[in-house]
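Engineer: Take a look at the following structure, please.
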Amino acid sequence: MAEEEEGEAGGHHVLLLPGPMQGNVNSMMKLAPSSSASLPHHLSHHRFHPPPPPPFRRHPLSFTNLPQPRDQDHLRCLPDDHPRSDRNALADLYSSMNSHAKPLIRDIILSQTAAKPKITCLIGDGFFGGLTADVADEVGIPVIHFRAISASCFWALFCAPNLFESNELPIRGEEDMDRIIATLPGMENILRCRDLPGFFRGTETNLVDPLKSTVFDCHQTLRARGVILNTFEDLDGPLLTQMRLKFLRVFAVGSLHAHLNYRRVSDAKTTPSTSSFWEEDRSCLTWLDSQPLKSVLYVSFGSITTVTRERLMEFWYGLVNSKKRFLWVIRPDMVAGADNDERVAAELEEGTKERGFIVGWAPQEEVLAHKAIGGFLTHSGWNSTLESLVAGVPMICWPCFADQQINSRFVSEVWKLGLDMKDLCDRDVVEKMVNDLMVHRREEFLKSAQAMATLADKSVSPGGSSYSSLHDLVEFIKSASRKIN
Ligand code: UDP
């Protein structure tokens, strides 16, 4: 937003309701045109390290936890010690929010104090699309849905009923996972069965009824006044064109963190924001300072993905055997299973001491922007993908679930920004792909990654598509709010 527009935005108060997952919170927290925010009750303040500062000097965000539910709802809420950051917990989060949160959100919207003026617009995470559309209808304010997943995944999920109709879905037991999906509008003949969002592979059936496309409430976004996507025209143009045939308004405002960086450079008084659930170990930046230019592979599987100890070892051997330098995030809760065997082979210890650095949680955006980073081995979460792309860092993708399978296909086949390791991972594959990315095909990938980073940067600069789309979003919020005032 330009300065004068920021001044005009006063009087319009937007309630942001992010899904309580790290990636969703990260991206929604960076959405600028907001003057009030609420975090779902599931996401309590103590999960931030340190408490989040306002991302913009002129646009203070205030934070409210959803209040504790009333007695009769309490039993349906998640207990405090529920492992919310776990892929298997998504269904619990979804049903808990849907069963108890409606009156709580309604109360926040309707309560008005001197410190919290009337809410005039709701930007709700599309993950709870039906819930936020219902509340907005009841209280008579406009709702805009925010999609934290990739545009390609959102669109594939939205189109799922058509794929069932044309017999391209479901994926049947033993069939060839390389079968091409021909009829997805905007991405015809790009995806194979194995690239479809994880929900269609039968591994996440607890979340969905794909046939009815209830996955992440996709069709509920038809009830919203618009949809906000963390992408940009040069990245997802053909998909956005298709979406505009369906939805009232499509605001492609991404990459949101690039907007923030852009403003941080032009406004020195703007405080960097963080919304981490874990404490960042900044010692890795000091370690990176002493590494040669573009020599280090950054390895992180995001905030939710877990691996077995066996899989961890395959990665570890692959990394050490590649003989490349690496910085690896191993979250305290990342290794699944009750196996307490923490012994590590001497050759791994040795190789890691020589060329590696391991932390529990990293300041990822800063890491990716560091001059020593030459590649990213990622689980292909959408935030991680965008952060890598904006920093011009090529990727090796090891997708696990949700939108990650489709994101990795786009990274490798559509945008040509790296390699896709899906369904293939063992120590030899890891070693080979690390060397392909960091040595054999290094120039090719660096060139395309840097070209994409330039487009990403252009999109958030004045006159760029995301810059304009963010402006349009602010104007839309103002005009829609004015009508209800
Ligand atoms: N992240 C971080 N430090 C880490 C690992 C991840 O700050 O050590 C951040 C990362 O920058 C991204 C988010 O966590 O913004 C992960 O979101 P993503 O959509 O990539 O994956 P998810 O966690 O939802 O699977």
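Labeling convention for the structure tokens: chains A, B, ... as they appear, residues from 1 per chain, ligands from 1 in order of appearance.
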As a list in words, list the residues of region 139-325 of chain A assigned to strand (DSSP E) by DSSP on the backbone atoms of this structure.

Structural biologist: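 The strand (DSSP E) residues within region 139-325 of chain A come out as Val143, Ile144, His145, Phe146, Arg147, Val227, Ile228, Leu229, Val250, Phe251, Ala252, Val296, Leu297, Tyr298, Val299, Ser300 and Arg325 of chain A.
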
Engineer: Can I get the residues close to ligand 1 as a ChimeraX atom specification, where close means within 9 Å and we count only C-alpha atoms and all ligand atoms?

Structural biologist: /A:21-27,85,87,148-149,257,274-281,299-305,328-331,359-368,378-387,400-402,404

Engineer: What does the file look like for those residues with C-alpha atoms, as an mmCIF file, in the first residue's frame?

Structural biologist:
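The result, stored in selection-v2.cif:
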data_model
loop_
_atom_site.group_PDB
_atom_site.id
_atom_site.type_symbol
_atom_site.label_atom_id
_atom_site.label_comp_id
_atom_site.auth_asym_id
_atom_site.auth_seq_id
_atom_site.Cartn_x
_atom_site.Cartn_y
_atom_site.Cartn_z
ATOM 1 C CA MET A 21 -1.094 -23.846 11.555
ATOM 2 C CA GLN A 22 2.357 -22.255 11.257
ATOM 3 C CA GLY A 23 2.212 -21.808 7.477
ATOM 4 C CA ASN A 24 -1.302 -20.329 7.552
ATOM 5 C CA VAL A 25 -0.413 -17.932 10.357
ATOM 6 C CA ASN A 26 2.831 -16.881 8.658
ATOM 7 C CA SER A 27 1.185 -15.906 5.414
ATOM 8 C CA SER A 85 1.173 -29.083 14.567
ATOM 9 C CA ARG A 87 -0.684 -33.555 9.826
ATOM 10 C CA ALA A 148 -2.788 -20.343 2.393
ATOM 11 C CA ILE A 149 -2.260 -23.305 0.057
ATOM 12 C CA HIS A 257 6.483 -11.786 2.530
ATOM 13 C CA THR A 274 7.998 -12.974 13.091
ATOM 14 C CA SER A 275 5.211 -15.384 13.806
ATOM 15 C CA SER A 276 7.237 -18.449 14.692
ATOM 16 C CA PHE A 277 5.752 -21.070 16.998
ATOM 17 C CA TRP A 278 9.306 -22.175 17.904
ATOM 18 C CA GLU A 279 12.275 -20.167 19.026
ATOM 19 C CA GLU A 280 14.596 -19.392 16.128
ATOM 20 C CA ASP A 281 18.188 -20.541 16.498
ATOM 21 C CA VAL A 299 17.233 -28.605 4.426
ATOM 22 C CA SER A 300 13.869 -28.140 6.132
ATOM 23 C CA PHE A 301 10.574 -30.004 6.119
ATOM 24 C CA GLY A 302 8.427 -27.205 7.532
ATOM 25 C CA SER A 303 6.403 -27.126 10.707
ATOM 26 C CA ILE A 304 4.175 -30.201 10.458
ATOM 27 C CA THR A 305 5.891 -32.980 8.499
ATOM 28 C CA TRP A 328 19.439 -28.872 8.425
ATOM 29 C CA VAL A 329 16.374 -28.044 10.543
ATOM 30 C CA ILE A 330 15.402 -31.016 12.693
ATOM 31 C CA ARG A 331 12.458 -29.878 14.830
ATOM 32 C CA VAL A 359 19.272 -26.516 14.369
ATOM 33 C CA GLY A 360 15.815 -27.093 15.862
ATOM 34 C CA TRP A 361 14.221 -24.110 14.098
ATOM 35 C CA ALA A 362 15.792 -21.539 11.788
ATOM 36 C CA PRO A 363 14.952 -17.987 10.726
ATOM 37 C CA GLN A 364 14.076 -19.452 7.341
ATOM 38 C CA GLU A 365 13.510 -16.325 5.288
ATOM 39 C CA GLU A 366 16.849 -14.913 6.406
ATOM 40 C CA VAL A 367 18.562 -18.226 5.779
ATOM 41 C CA LEU A 368 17.215 -18.458 2.240
ATOM 42 C CA THR A 378 12.225 -28.780 1.002
ATOM 43 C CA HIS A 379 8.989 -30.604 1.729
ATOM 44 C CA SER A 380 7.354 -28.155 -0.720
ATOM 45 C CA GLY A 381 4.994 -26.443 1.687
ATOM 46 C CA TRP A 382 3.604 -23.402 -0.064
ATOM 47 C CA ASN A 383 5.309 -20.827 2.155
ATOM 48 C CA SER A 384 8.654 -22.547 1.836
ATOM 49 C CA THR A 385 8.227 -22.787 -1.929
ATOM 50 C CA LEU A 386 7.452 -19.080 -2.231
ATOM 51 C CA GLU A 387 10.237 -18.089 0.139
ATOM 52 C CA CYS A 400 4.608 -35.450 1.784
ATOM 53 C CA PHE A 401 0.980 -34.358 1.886
ATOM 54 C CA ALA A 402 -1.665 -31.670 1.244
ATOM 55 C CA GLN A 404 3.064 -30.459 -1.504
#

Engineer: Neighbours of region 446-448 of chain A within 8 Å (only C-alpha atoms; same-chain residues fewer than 3 positions away dropped), as a list in words?

Structural biologist: Gly392, Val393, Pro394, Trp415, Lys416, Leu417, Arg442, Glu443, Ala451 and Met452 of chain A

Engineer: Could you take the residues named above and write them with N, CA, C and O atoms, as a PDB file, in the first residue's frame?

Structural biologist:
ATOM      1  N   GLY A 392      15.367 -16.678  -4.978  1.00  0.00           N
ATOM      2  CA  GLY A 392      16.126 -17.168  -6.130  1.00  0.00           C
ATOM      3  C   GLY A 392      16.940 -18.414  -5.823  1.00  0.00           C
ATOM      4  O   GLY A 392      18.017 -18.617  -6.378  1.00  0.00           O
ATOM      5  N   VAL A 393      16.417 -19.268  -4.952  1.00  0.00           N
ATOM      6  CA  VAL A 393      17.149 -20.483  -4.546  1.00  0.00           C
ATOM      7  C   VAL A 393      16.490 -21.718  -5.189  1.00  0.00           C
ATOM      8  O   VAL A 393      15.309 -21.980  -4.963  1.00  0.00           O
ATOM      9  N   PRO A 394      17.240 -22.487  -5.989  1.00  0.00           N
ATOM     10  CA  PRO A 394      16.681 -23.708  -6.592  1.00  0.00           C
ATOM     11  C   PRO A 394      16.348 -24.762  -5.534  1.00  0.00           C
ATOM     12  O   PRO A 394      16.928 -24.755  -4.449  1.00  0.00           O
ATOM     13  N   TRP A 415       7.799 -24.554 -13.671  1.00  0.00           N
ATOM     14  CA  TRP A 415       8.683 -23.393 -13.471  1.00  0.00           C
ATOM     15  C   TRP A 415      10.165 -23.741 -13.653  1.00  0.00           C
ATOM     16  O   TRP A 415      11.000 -22.840 -13.700  1.00  0.00           O
ATOM     17  N   LYS A 416      10.489 -25.026 -13.708  1.00  0.00           N
ATOM     18  CA  LYS A 416      11.878 -25.476 -13.933  1.00  0.00           C
ATOM     19  C   LYS A 416      12.855 -24.910 -12.908  1.00  0.00           C
ATOM     20  O   LYS A 416      13.929 -24.413 -13.244  1.00  0.00           O
ATOM     21  N   LEU A 417      12.441 -24.956 -11.658  1.00  0.00           N
ATOM     22  CA  LEU A 417      13.264 -24.369 -10.596  1.00  0.00           C
ATOM     23  C   LEU A 417      13.988 -25.422  -9.765  1.00  0.00           C
ATOM     24  O   LEU A 417      14.567 -25.098  -8.732  1.00  0.00           O
ATOM     25  N   ARG A 442      23.803 -26.963 -11.792  1.00  0.00           N
ATOM     26  CA  ARG A 442      23.772 -25.752 -10.966  1.00  0.00           C
ATOM     27  C   ARG A 442      23.448 -24.480 -11.774  1.00  0.00           C
ATOM     28  O   ARG A 442      22.555 -23.716 -11.419  1.00  0.00           O
ATOM     29  N   GLU A 443      24.180 -24.270 -12.892  1.00  0.00           N
ATOM     30  CA  GLU A 443      24.006 -23.020 -13.648  1.00  0.00           C
ATOM     31  C   GLU A 443      22.591 -22.910 -14.195  1.00  0.00           C
ATOM     32  O   GLU A 443      21.950 -21.858 -14.119  1.00  0.00           O
ATOM     33  N   ALA A 451      15.779 -15.757 -12.535  1.00  0.00           N
ATOM     34  CA  ALA A 451      14.801 -15.113 -13.419  1.00  0.00           C
ATOM     35  C   ALA A 451      13.432 -15.052 -12.728  1.00  0.00           C
ATOM     36  O   ALA A 451      12.726 -14.028 -12.779  1.00  0.00           O
ATOM     37  N   MET A 452      13.066 -16.120 -12.043  1.00  0.00           N
ATOM     38  CA  MET A 452      11.770 -16.129 -11.345  1.00  0.00           C
ATOM     39  C   MET A 452      11.774 -15.148 -10.176  1.00  0.00           C
ATOM     40  O   MET A 452      10.776 -14.464  -9.924  1.00  0.00           O
TER      41      MET A 452
END

Engineer: Can you pull out every residue within 10 Å of Ser255 (chain A), counting only C-alpha atoms, but drop anything in the same chain fewer than 4 positions away, and send it as a compact mmCIF listing (two decimals) with C-alpha atoms, in the first residue's frame?

Structural biologist:
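Result saved to out_31.txt:
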# COMPACT_ATOMS: atom_id res chain seq x y z
CA SER A 27 1.18 -15.91 5.41
CA LYS A 30 1.77 -10.68 6.44
CA LEU A 31 -1.41 -9.56 4.83
CA LEU A 229 -4.21 -16.07 -3.07
CA ASN A 230 -0.57 -15.89 -2.11
CA THR A 231 0.69 -16.04 -5.69
CA PHE A 232 1.33 -13.69 -8.60
CA HIS A 259 5.61 -7.14 -0.01
CA LEU A 260 6.79 -6.91 3.54
CA ASN A 383 5.31 -20.83 2.16
CA LEU A 386 7.45 -19.08 -2.23
CA GLU A 387 10.24 -18.09 0.14
CA LEU A 389 11.41 -18.72 -5.17
CA VAL A 390 11.55 -15.09 -3.99
CA ALA A 456 8.48 -12.08 -8.05
CA ASP A 457 10.21 -8.85 -7.12
CA SER A 459 5.16 -8.13 -9.01
CA VAL A 460 5.35 -6.42 -5.59
CA SER A 466 0.56 -8.07 -6.89
CA TYR A 467 1.12 -4.48 -5.87

Engineer: Just the residues within 8 Å of region 289-297 of chain A, please, counting only C-alpha atoms, with nothing from its chain fewer than 4 positions along; format it as a PyMOL selection string.

Structural biologist: chain A and resi 285+324-327+371-377+434+438

Engineer: Let me see the file: selected residues, all heavy atoms, as a tab-separated table (two decimals), in the first residue's frame.

Structural biologist:
chain	number	residue	atom	x	y	z
A	285	LEU	N	22.99	-18.47	11.30
A	285	LEU	CA	23.36	-17.35	10.41
A	285	LEU	C	24.85	-17.05	10.55
A	285	LEU	O	25.53	-16.75	9.56
A	285	LEU	CB	22.52	-16.11	10.73
A	285	LEU	CG	21.01	-16.25	10.45
A	285	LEU	CD1	20.25	-15.04	10.97
A	285	LEU	CD2	20.75	-16.43	8.95
A	324	LYS	N	28.52	-32.31	0.20
A	324	LYS	CA	28.21	-30.87	0.12
A	324	LYS	C	27.93	-30.34	1.53
A	324	LYS	O	27.55	-31.09	2.42
A	324	LYS	CB	26.99	-30.63	-0.78
A	324	LYS	CG	27.21	-31.01	-2.22
A	324	LYS	CD	28.13	-30.06	-2.89
A	324	LYS	CE	28.98	-30.62	-4.02
A	324	LYS	NZ	29.68	-31.86	-3.85
A	325	ARG	N	28.06	-29.03	1.68
A	325	ARG	CA	27.74	-28.42	2.99
A	325	ARG	C	26.22	-28.36	3.15
A	325	ARG	O	25.51	-28.14	2.14
A	325	ARG	CB	28.29	-27.00	3.04
A	325	ARG	CG	29.79	-26.92	3.03
A	325	ARG	CD	30.24	-25.53	2.62
A	325	ARG	NE	31.53	-25.60	1.99
A	325	ARG	CZ	32.69	-25.38	2.60
A	325	ARG	NH1	32.69	-24.99	3.86
A	325	ARG	NH2	33.83	-25.51	1.96
A	326	PHE	N	25.75	-28.52	4.36
A	326	PHE	CA	24.30	-28.46	4.56
A	326	PHE	C	23.95	-27.85	5.92
A	326	PHE	O	24.69	-28.00	6.89
A	326	PHE	CB	23.65	-29.84	4.40
A	326	PHE	CG	24.11	-30.87	5.40
A	326	PHE	CD1	23.42	-31.07	6.60
A	326	PHE	CD2	25.23	-31.67	5.14
A	326	PHE	CE1	23.84	-32.03	7.51
A	326	PHE	CE2	25.65	-32.64	6.05
A	326	PHE	CZ	24.96	-32.81	7.25
A	327	LEU	N	22.82	-27.13	5.93
A	327	LEU	CA	22.21	-26.61	7.16
A	327	LEU	C	20.85	-27.27	7.27
A	327	LEU	O	20.02	-27.13	6.38
A	327	LEU	CB	22.06	-25.08	7.06
A	327	LEU	CG	21.13	-24.41	8.08
A	327	LEU	CD1	21.61	-24.65	9.50
A	327	LEU	CD2	21.03	-22.91	7.79
A	371	LYS	N	23.77	-15.26	1.38
A	371	LYS	CA	24.58	-15.49	0.17
A	371	LYS	C	25.25	-16.87	0.14
A	371	LYS	O	25.65	-17.34	-0.92
A	371	LYS	CB	25.62	-14.38	0.00
A	371	LYS	CG	26.63	-14.24	1.14
A	371	LYS	CD	27.50	-13.03	0.88
A	371	LYS	CE	28.64	-12.84	1.87
A	371	LYS	NZ	28.61	-13.50	3.16
A	372	ALA	N	25.35	-17.53	1.27
A	372	ALA	CA	26.00	-18.85	1.28
A	372	ALA	C	25.06	-19.96	0.81
A	372	ALA	O	25.50	-21.09	0.54
A	372	ALA	CB	26.49	-19.17	2.69
A	373	ILE	N	23.76	-19.67	0.72
A	373	ILE	CA	22.80	-20.73	0.36
A	373	ILE	C	22.75	-20.93	-1.17
A	373	ILE	O	22.56	-19.97	-1.92
A	373	ILE	CB	21.39	-20.39	0.90
A	373	ILE	CG1	21.38	-20.38	2.42
A	373	ILE	CG2	20.35	-21.37	0.36
A	373	ILE	CD1	21.64	-21.73	3.09
A	374	GLY	N	22.91	-22.19	-1.59
A	374	GLY	CA	22.88	-22.48	-3.02
A	374	GLY	C	21.74	-23.40	-3.43
A	374	GLY	O	21.50	-23.63	-4.61
A	375	GLY	N	21.02	-23.94	-2.45
A	375	GLY	CA	19.90	-24.83	-2.78
A	375	GLY	C	19.07	-25.11	-1.54
A	375	GLY	O	19.51	-24.85	-0.42
A	376	PHE	N	17.87	-25.63	-1.76
A	376	PHE	CA	16.93	-25.88	-0.67
A	376	PHE	C	16.31	-27.26	-0.87
A	376	PHE	O	15.66	-27.49	-1.90
A	376	PHE	CB	15.86	-24.77	-0.69
A	376	PHE	CG	14.84	-24.81	0.43
A	376	PHE	CD1	14.99	-25.61	1.56
A	376	PHE	CD2	13.70	-24.00	0.37
A	376	PHE	CE1	14.06	-25.62	2.59
A	376	PHE	CE2	12.76	-24.00	1.39
A	376	PHE	CZ	12.93	-24.82	2.50
A	377	LEU	N	16.56	-28.15	0.05
A	377	LEU	CA	15.84	-29.44	0.06
A	377	LEU	C	14.62	-29.24	0.94
A	377	LEU	O	14.74	-29.08	2.15
A	377	LEU	CB	16.76	-30.54	0.57
A	377	LEU	CG	16.16	-31.91	0.91
A	377	LEU	CD1	15.22	-32.43	-0.18
A	377	LEU	CD2	17.26	-32.93	1.14
A	434	VAL	N	21.29	-34.02	-4.73
A	434	VAL	CA	22.04	-32.90	-4.15
A	434	VAL	C	23.17	-32.51	-5.11
A	434	VAL	O	23.38	-31.32	-5.40
A	434	VAL	CB	22.60	-33.26	-2.75
A	434	VAL	CG1	23.55	-32.17	-2.25
A	434	VAL	CG2	21.46	-33.47	-1.75
A	438	MET	N	23.45	-28.95	-6.92
A	438	MET	CA	24.51	-28.05	-6.45
A	438	MET	C	25.74	-28.04	-7.38
A	438	MET	O	26.55	-27.14	-7.30
A	438	MET	CB	24.97	-28.47	-5.04
A	438	MET	CG	23.87	-28.48	-4.00
A	438	MET	SD	23.27	-26.84	-3.55
A	438	MET	CE	24.60	-26.24	-2.52

Engineer: Find the residues near Thr221 (chain A): any atom within 8 Å, counting only C-alpha atoms, skip ones fewer than 2 places away on the same chain, and give them as a ChimeraX atom specification.

Structural biologist: /A:126,129-130,145,217-219,223-224,226-227,247

Engineer: Run DSSP on the backbone and tell me which residues of region 339-462 of chain A come out as alpha helix (DSSP H); list them as a PyMOL selection string.

Structural biologist: chain A and resi 346-355+364-368+382-391+404-409+427-435+442-460

Engineer: Would you kindly return, as JSON, numbers by chain, each protein, DNA or RNA residue with an atom no farther than 7 Å from any atom of Met421 (chain A), considering only C-alpha atoms and excluding same-chain residues fewer than 6 positions away?

Structural biologist: {"A": [396, 397, 398]}

Engineer: Could you save the residues just selected, with N, CA, C and O atoms, as an mmCIF file, in the first residue's frame?

Structural biologist:
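After the write, part.cif holds the following:
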data_model
loop_
_atom_site.group_PDB
_atom_site.id
_atom_site.type_symbol
_atom_site.label_atom_id
_atom_site.label_comp_id
_atom_site.auth_asym_id
_atom_site.auth_seq_id
_atom_site.Cartn_x
_atom_site.Cartn_y
_atom_site.Cartn_z
ATOM 1 N N ILE A 396 15.212 -28.893 -4.267
ATOM 2 C CA ILE A 396 14.929 -30.327 -4.400
ATOM 3 C C ILE A 396 13.676 -30.540 -3.563
ATOM 4 O O ILE A 396 13.633 -30.148 -2.400
ATOM 5 N N CYS A 397 12.656 -31.151 -4.163
ATOM 6 C CA CYS A 397 11.370 -31.251 -3.484
ATOM 7 C C CYS A 397 11.139 -32.675 -2.980
ATOM 8 O O CYS A 397 11.224 -33.631 -3.755
ATOM 9 N N TRP A 398 10.829 -32.760 -1.726
ATOM 10 C CA TRP A 398 10.434 -34.057 -1.146
ATOM 11 C C TRP A 398 9.060 -33.880 -0.492
ATOM 12 O O TRP A 398 8.930 -33.679 0.696
#

Engineer: Point out the residue among A:Tyr298, A:Phe146, A:Phe315, A:Phe357 with the least atom-to-atom distance to Arg249 (chain A), counting only C-alpha atoms.

Structural biologist: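 So, comparing all the options, the nearest one is A:Phe146.
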
Engineer: Rank A:Leu239, A:Pro170, A:Gln220, A:Ile119 by their smallest atom-to-atom distance to Gly140 (chain A), using only C-alpha atoms, and report the top residue only.

Structural biologist: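 Closest candidate: A:Ile119.
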
Engineer: Counting only C-alpha atoms, which of A:Phe251, A:Trp316, A:Phe154, A:Phe200 gets nearest to Arg225 (chain A)?

Structural biologist: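 Using only C-alpha atoms, Arg225 (chain A) sits closest to A:Phe251.
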
Engineer: Tell me which of A:Lys102, A:His12, A:Arg311, A:His440 sits closest to Pro117 (chain A), counting only C-alpha atoms.

Structural biologist: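 The shortest atom-to-atom distance to Pro117 (chain A) comes from A:His12.
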